[in-house]
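Novice: This is the structure I have questions about; it appears just below.
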Amino acid sequence: MSTAFDQTLQAIDALHGEDPRHVEAPGGESTPQELAYAERMTHWLFALESAPAELLQLAVRAQHLQRWKVPRSDYPEGRVGYLTWRRDQGLRAGETVAEIMTRAGFDDEDAKRVADMIAKKGLGRDPNVQTLEDCACLVFLENHFAAFATKIEHDHMVRIVQKTWRKMSERAHTLALSLPMTPGSAAIVEQALAAP
């Protein structure tokens with residue numbers, strides 16, 4: 001019989017699998033975009049911690065849960081609209097996961113703990129929320145940074161890297177600097193980190 005953790009993880013991945021957007025996975029097969037993102041998040045979690053707690057594993061796996069259901073275009077343009085959209089996504093994903101967890105047998109306290117991590121409550125104070133943030137930053141730098149940099153003005157991209165870097169732990173910095181980068185991306189990172 002599967003545990004509450006296993007049941008919750010399977011339910012999370014089943015929802016990820018409903019993402020109508022697809023990306024090409026290693027090996028050339030098509031994978032739901034959100035499932036690919038969740039797998040990358042889990043990869044980085046185990047790079048950061050050898051034996052992460054189950055609640056942290058669930059929070060990391062569900063961080064973008066059903067994000068496609070509320071597109072960014074539903075919110076106003078600009079930074080305030082983006083931050084509001086991101087906050088609402090975190091709250092909604094956390095509520096969904098909490099419901100899945102309680103159905104699987106977790107108590108309300110554990111379900112709330114995971115929901116709070118997904119909403120990034122306690123960022124800067126909670127080590128688990130920091131680890132989740134590290135995973136998200138590493139996924140961005142490894143998988144989205146190079147393409148993003150071709151669409152954004154250079155100086156703005158430098159500032160984005162600086163903001164991302166400030167959100168990361170020292171361990172995540174070390175992992176980020178080991179990532180392969182295009183010459184253009186490496187130049188942006190070098191400039192961002194050299195600035196006072």
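Ligands are numbered from 1 in the order shown, chains are lettered A, B, ... in the order of the structure tokens, and residues start at 1 in each chain.
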Listing only residues of range 100-139 of chain A within 8 Å of range 162-167 of chain A, what is the closest atom pair and its distance in Å (to one decimal) for each, using only C-alpha atoms, sorted by chain and residue number ascending, as a tab-separated table?
Specialist:
```
residue	atom	partner	partner_atom	distance
A:Glu133	CA	A:Lys167	CA	7.2
A:Asp134	CA	A:Lys167	CA	7.5
A:Cys137	CA	A:Thr164	CA	6.6
```
Novice: Filtering to C-alpha atoms, could you give me those residues as a JSON list (two decimals), in the first residue's frame?
Specialist:
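Written output follows (out00.json):
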```json
[["chain", "number", "residue", "atom", "x", "y", "z"],
["A", 133, "GLU", "CA", 13.85, 29.32, -3.95],
["A", 134, "ASP", "CA", 17.32, 27.98, -4.77],
["A", 137, "CYS", "CA", 16.61, 30.00, -9.45]]
```
Novice: Could you pull the residues within 8 Å of range 96-112 of chain A, counting only C-alpha atoms, minus those fewer than 2 positions along the same chain, as JSON, numbers by chain?
Specialist: {"A": [4, 5, 7, 8, 11, 12, 55, 62, 92, 93, 94, 114, 115, 116]}
Novice: To one decimal place, how far is CA of Phe148 in chain A from CA of Leu56 in chain A in Å?
Specialist: 28.1 Å
Novice: Determine which residues of chain A DSSP labels as strand (DSSP E) from the backbone of this structure, then write them out as number ranges by chain.
Specialist: A: 22-24, 30-32
Novice: Report as a tab-separated table: every residue of range 27-108 of chain A with an atom at most 12 Å from range 172-189 of chain A, its closest pair of atoms, and their distance in Å to one decimal, counting only C-alpha atoms, with rows sorted by chain and ascending residue number.
Specialist:
```
residue	atom	partner	partner_atom	distance
A:Trp44	CA	A:Leu175	CA	9.2
A:Leu45	CA	A:Ala172	CA	10.2
A:Phe46	CA	A:Ala172	CA	11.9
A:Ala47	CA	A:Leu175	CA	8.4
A:Leu48	CA	A:Ala172	CA	7.2
A:Glu49	CA	A:Ala172	CA	10.8
```
Novice: Have a look at A:Leu9, A:His43, A:Leu123, A:Leu193 and name the one nearest to Val161 in chain A; count only C-alpha atoms.
Specialist: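 Closest to Val161 in chain A, using only C-alpha atoms: A:Leu193.
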Novice: What is the distance, in Å and to one decimal place, between CA of Val158 in chain A and CA of Glu142 in chain A?
Specialist: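 Straight-line distance from CA of Val158 in chain A to CA of Glu142 in chain A works out to 16.1 Å.
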Novice: Find, counting only C-alpha atoms, the residue in A:Ala36, A:Val70, A:Leu132, A:Ala194 that gets nearest to Thr84 in chain A.
Specialist: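 Result for the nearest residue to Thr84 in chain A: A:Val70.
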Novice: Write down as number ranges by chain the residues of chain A whose backbone DSSP state falls under helix (DSSP H, G or I).
Specialist: A: 4-16, 33-48, 54-61, 67-69, 72-74, 79-104, 108-118, 127-149, 154-166, 170-177, 183-194
Novice: With C-alpha atoms retained, export the selected residues as a compact mmCIF listing (two decimals), in the first residue's frame.
Specialist:
```txt
# COMPACT_ATOMS: atom_id res chain seq x y z
CA ALA A 4 0.48 9.39 1.99
CA PHE A 5 3.67 10.86 0.52
CA ASP A 6 3.59 8.53 -2.50
CA GLN A 7 -0.11 9.18 -3.10
CA THR A 8 0.41 12.94 -2.93
CA LEU A 9 3.39 12.87 -5.25
CA GLN A 10 1.49 10.77 -7.79
CA ALA A 11 -1.49 13.13 -7.62
CA ILE A 12 0.75 16.17 -8.11
CA ASP A 13 2.40 14.60 -11.15
CA ALA A 14 -0.98 13.58 -12.56
CA LEU A 15 -2.02 17.25 -12.47
CA HIS A 16 1.30 18.26 -14.03
CA GLN A 33 5.84 21.53 -19.72
CA GLU A 34 4.88 21.61 -16.07
CA LEU A 35 5.97 18.02 -15.48
CA ALA A 36 9.36 18.79 -17.04
CA TYR A 37 9.68 21.83 -14.76
CA ALA A 38 8.75 19.77 -11.67
CA GLU A 39 11.33 17.11 -12.55
CA ARG A 40 14.00 19.79 -12.92
CA MET A 41 13.04 21.24 -9.54
CA THR A 42 13.37 17.82 -7.92
CA HIS A 43 16.75 17.28 -9.62
CA TRP A 44 18.11 20.48 -8.09
CA LEU A 45 16.60 19.68 -4.69
CA PHE A 46 18.64 16.48 -4.52
CA ALA A 47 21.72 18.36 -5.72
CA LEU A 48 21.28 20.80 -2.82
CA GLU A 54 9.20 14.68 2.44
CA LEU A 55 7.30 17.93 2.99
CA LEU A 56 10.04 19.89 1.22
CA GLN A 57 10.01 17.37 -1.64
CA LEU A 58 6.27 17.90 -2.08
CA ALA A 59 6.56 21.69 -1.98
CA VAL A 60 9.38 21.71 -4.53
CA ARG A 61 7.54 19.30 -6.83
CA ARG A 67 0.13 27.41 -13.44
CA TRP A 68 -1.16 27.22 -17.00
CA LYS A 69 -4.73 27.63 -15.71
CA ARG A 72 0.15 35.87 -16.98
CA SER A 73 -1.90 37.79 -19.57
CA ASP A 74 -4.86 37.80 -17.13
CA ARG A 79 6.28 44.46 -12.37
CA VAL A 80 3.31 44.91 -10.01
CA GLY A 81 1.08 42.81 -12.27
CA TYR A 82 3.77 40.13 -12.51
CA LEU A 83 4.33 39.98 -8.75
CA THR A 84 0.59 39.83 -8.07
CA TRP A 85 0.19 37.00 -10.60
CA ARG A 86 3.12 35.09 -9.07
CA ARG A 87 1.77 35.55 -5.53
CA ASP A 88 -1.71 34.38 -6.53
CA GLN A 89 -0.25 31.36 -8.33
CA GLY A 90 1.68 30.35 -5.21
CA LEU A 91 -1.37 30.68 -2.97
CA ARG A 92 -3.58 28.72 -5.38
CA ALA A 93 -1.00 25.94 -5.87
CA GLY A 94 -0.52 25.71 -2.11
CA GLU A 95 -4.26 25.37 -1.48
CA THR A 96 -4.55 22.64 -4.12
CA VAL A 97 -1.64 20.65 -2.70
CA ALA A 98 -2.96 21.02 0.86
CA GLU A 99 -6.27 19.49 -0.26
CA ILE A 100 -4.46 16.61 -1.99
CA MET A 101 -2.34 16.01 1.11
CA THR A 102 -5.25 15.86 3.55
CA ARG A 103 -7.11 13.46 1.26
CA ALA A 104 -4.01 11.24 1.20
CA ASP A 108 -3.71 19.80 8.54
CA GLU A 109 -0.46 21.11 10.04
CA ASP A 110 1.71 19.33 7.46
CA ALA A 111 -0.60 20.41 4.63
CA LYS A 112 -0.42 24.04 5.76
CA ARG A 113 3.38 23.79 6.07
CA VAL A 114 3.70 22.71 2.43
CA ALA A 115 1.23 25.37 1.27
CA ASP A 116 3.26 28.03 3.11
CA MET A 117 6.49 26.83 1.49
CA ILE A 118 4.94 26.98 -1.98
CA PRO A 127 15.74 27.19 5.41
CA ASN A 128 13.22 25.03 3.54
CA VAL A 129 11.72 28.01 1.72
CA GLN A 130 15.28 29.09 0.86
CA THR A 131 15.96 25.67 -0.64
CA LEU A 132 12.78 25.87 -2.73
CA GLU A 133 13.85 29.32 -3.95
CA ASP A 134 17.32 27.98 -4.77
CA CYS A 135 15.77 25.22 -6.89
CA ALA A 136 13.62 27.73 -8.80
CA CYS A 137 16.61 30.00 -9.45
CA LEU A 138 18.75 27.08 -10.65
CA VAL A 139 16.02 25.84 -12.99
CA PHE A 140 15.77 29.36 -14.44
CA LEU A 141 19.51 29.72 -14.90
CA GLU A 142 19.95 26.26 -16.43
CA ASN A 143 16.90 26.09 -18.67
CA HIS A 144 15.51 29.56 -19.39
CA PHE A 145 18.23 32.15 -18.90
CA ALA A 146 19.88 31.94 -22.33
CA ALA A 147 16.60 32.26 -24.27
CA PHE A 148 15.33 34.97 -21.91
CA ALA A 149 18.53 36.96 -22.43
CA HIS A 154 21.36 43.76 -21.81
CA ASP A 155 21.47 46.08 -18.78
CA HIS A 156 18.03 44.93 -17.66
CA MET A 157 19.20 41.32 -17.91
CA VAL A 158 22.22 42.14 -15.75
CA ARG A 159 19.86 43.52 -13.09
CA ILE A 160 17.68 40.38 -13.31
CA VAL A 161 20.74 38.20 -12.67
CA GLN A 162 21.73 40.40 -9.72
CA LYS A 163 18.25 40.08 -8.19
CA THR A 164 18.24 36.33 -8.79
CA TRP A 165 21.69 35.99 -7.22
CA ARG A 166 20.63 37.88 -4.07
CA GLU A 170 25.94 30.22 -1.16
CA ARG A 171 25.49 26.52 -2.02
CA ALA A 172 23.20 27.47 -4.90
CA HIS A 173 25.75 30.07 -6.07
CA THR A 174 28.38 27.33 -6.32
CA LEU A 175 26.05 25.09 -8.32
CA ALA A 176 25.01 27.97 -10.59
CA LEU A 177 28.61 28.83 -11.43
CA PRO A 183 29.41 33.11 -24.09
CA GLY A 184 26.68 35.75 -24.03
CA SER A 185 25.09 34.38 -20.86
CA ALA A 186 28.47 34.01 -19.17
CA ALA A 187 29.28 37.64 -19.97
CA ILE A 188 26.00 38.80 -18.41
CA VAL A 189 26.65 36.79 -15.25
CA GLU A 190 30.23 38.05 -15.03
CA GLN A 191 29.08 41.65 -15.34
CA ALA A 192 26.26 41.13 -12.83
CA LEU A 193 28.55 39.65 -10.21
CA ALA A 194 31.30 42.20 -10.75
```
Novice: What's the separation between CA of Thr3 in chain A and CA of Ala53 in chain A, in Å to one decimal place?
Specialist: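 It comes out at 14.5 Å.
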Novice: Given only C-alpha atoms as the basis, pick out the residue of A:Glu24, A:Thr31, A:Gly17, A:Gly78 nearest to Leu65 in chain A.
Specialist: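 Residue with the minimum atom-to-atom distance to Leu65 in chain A: A:Gly17.
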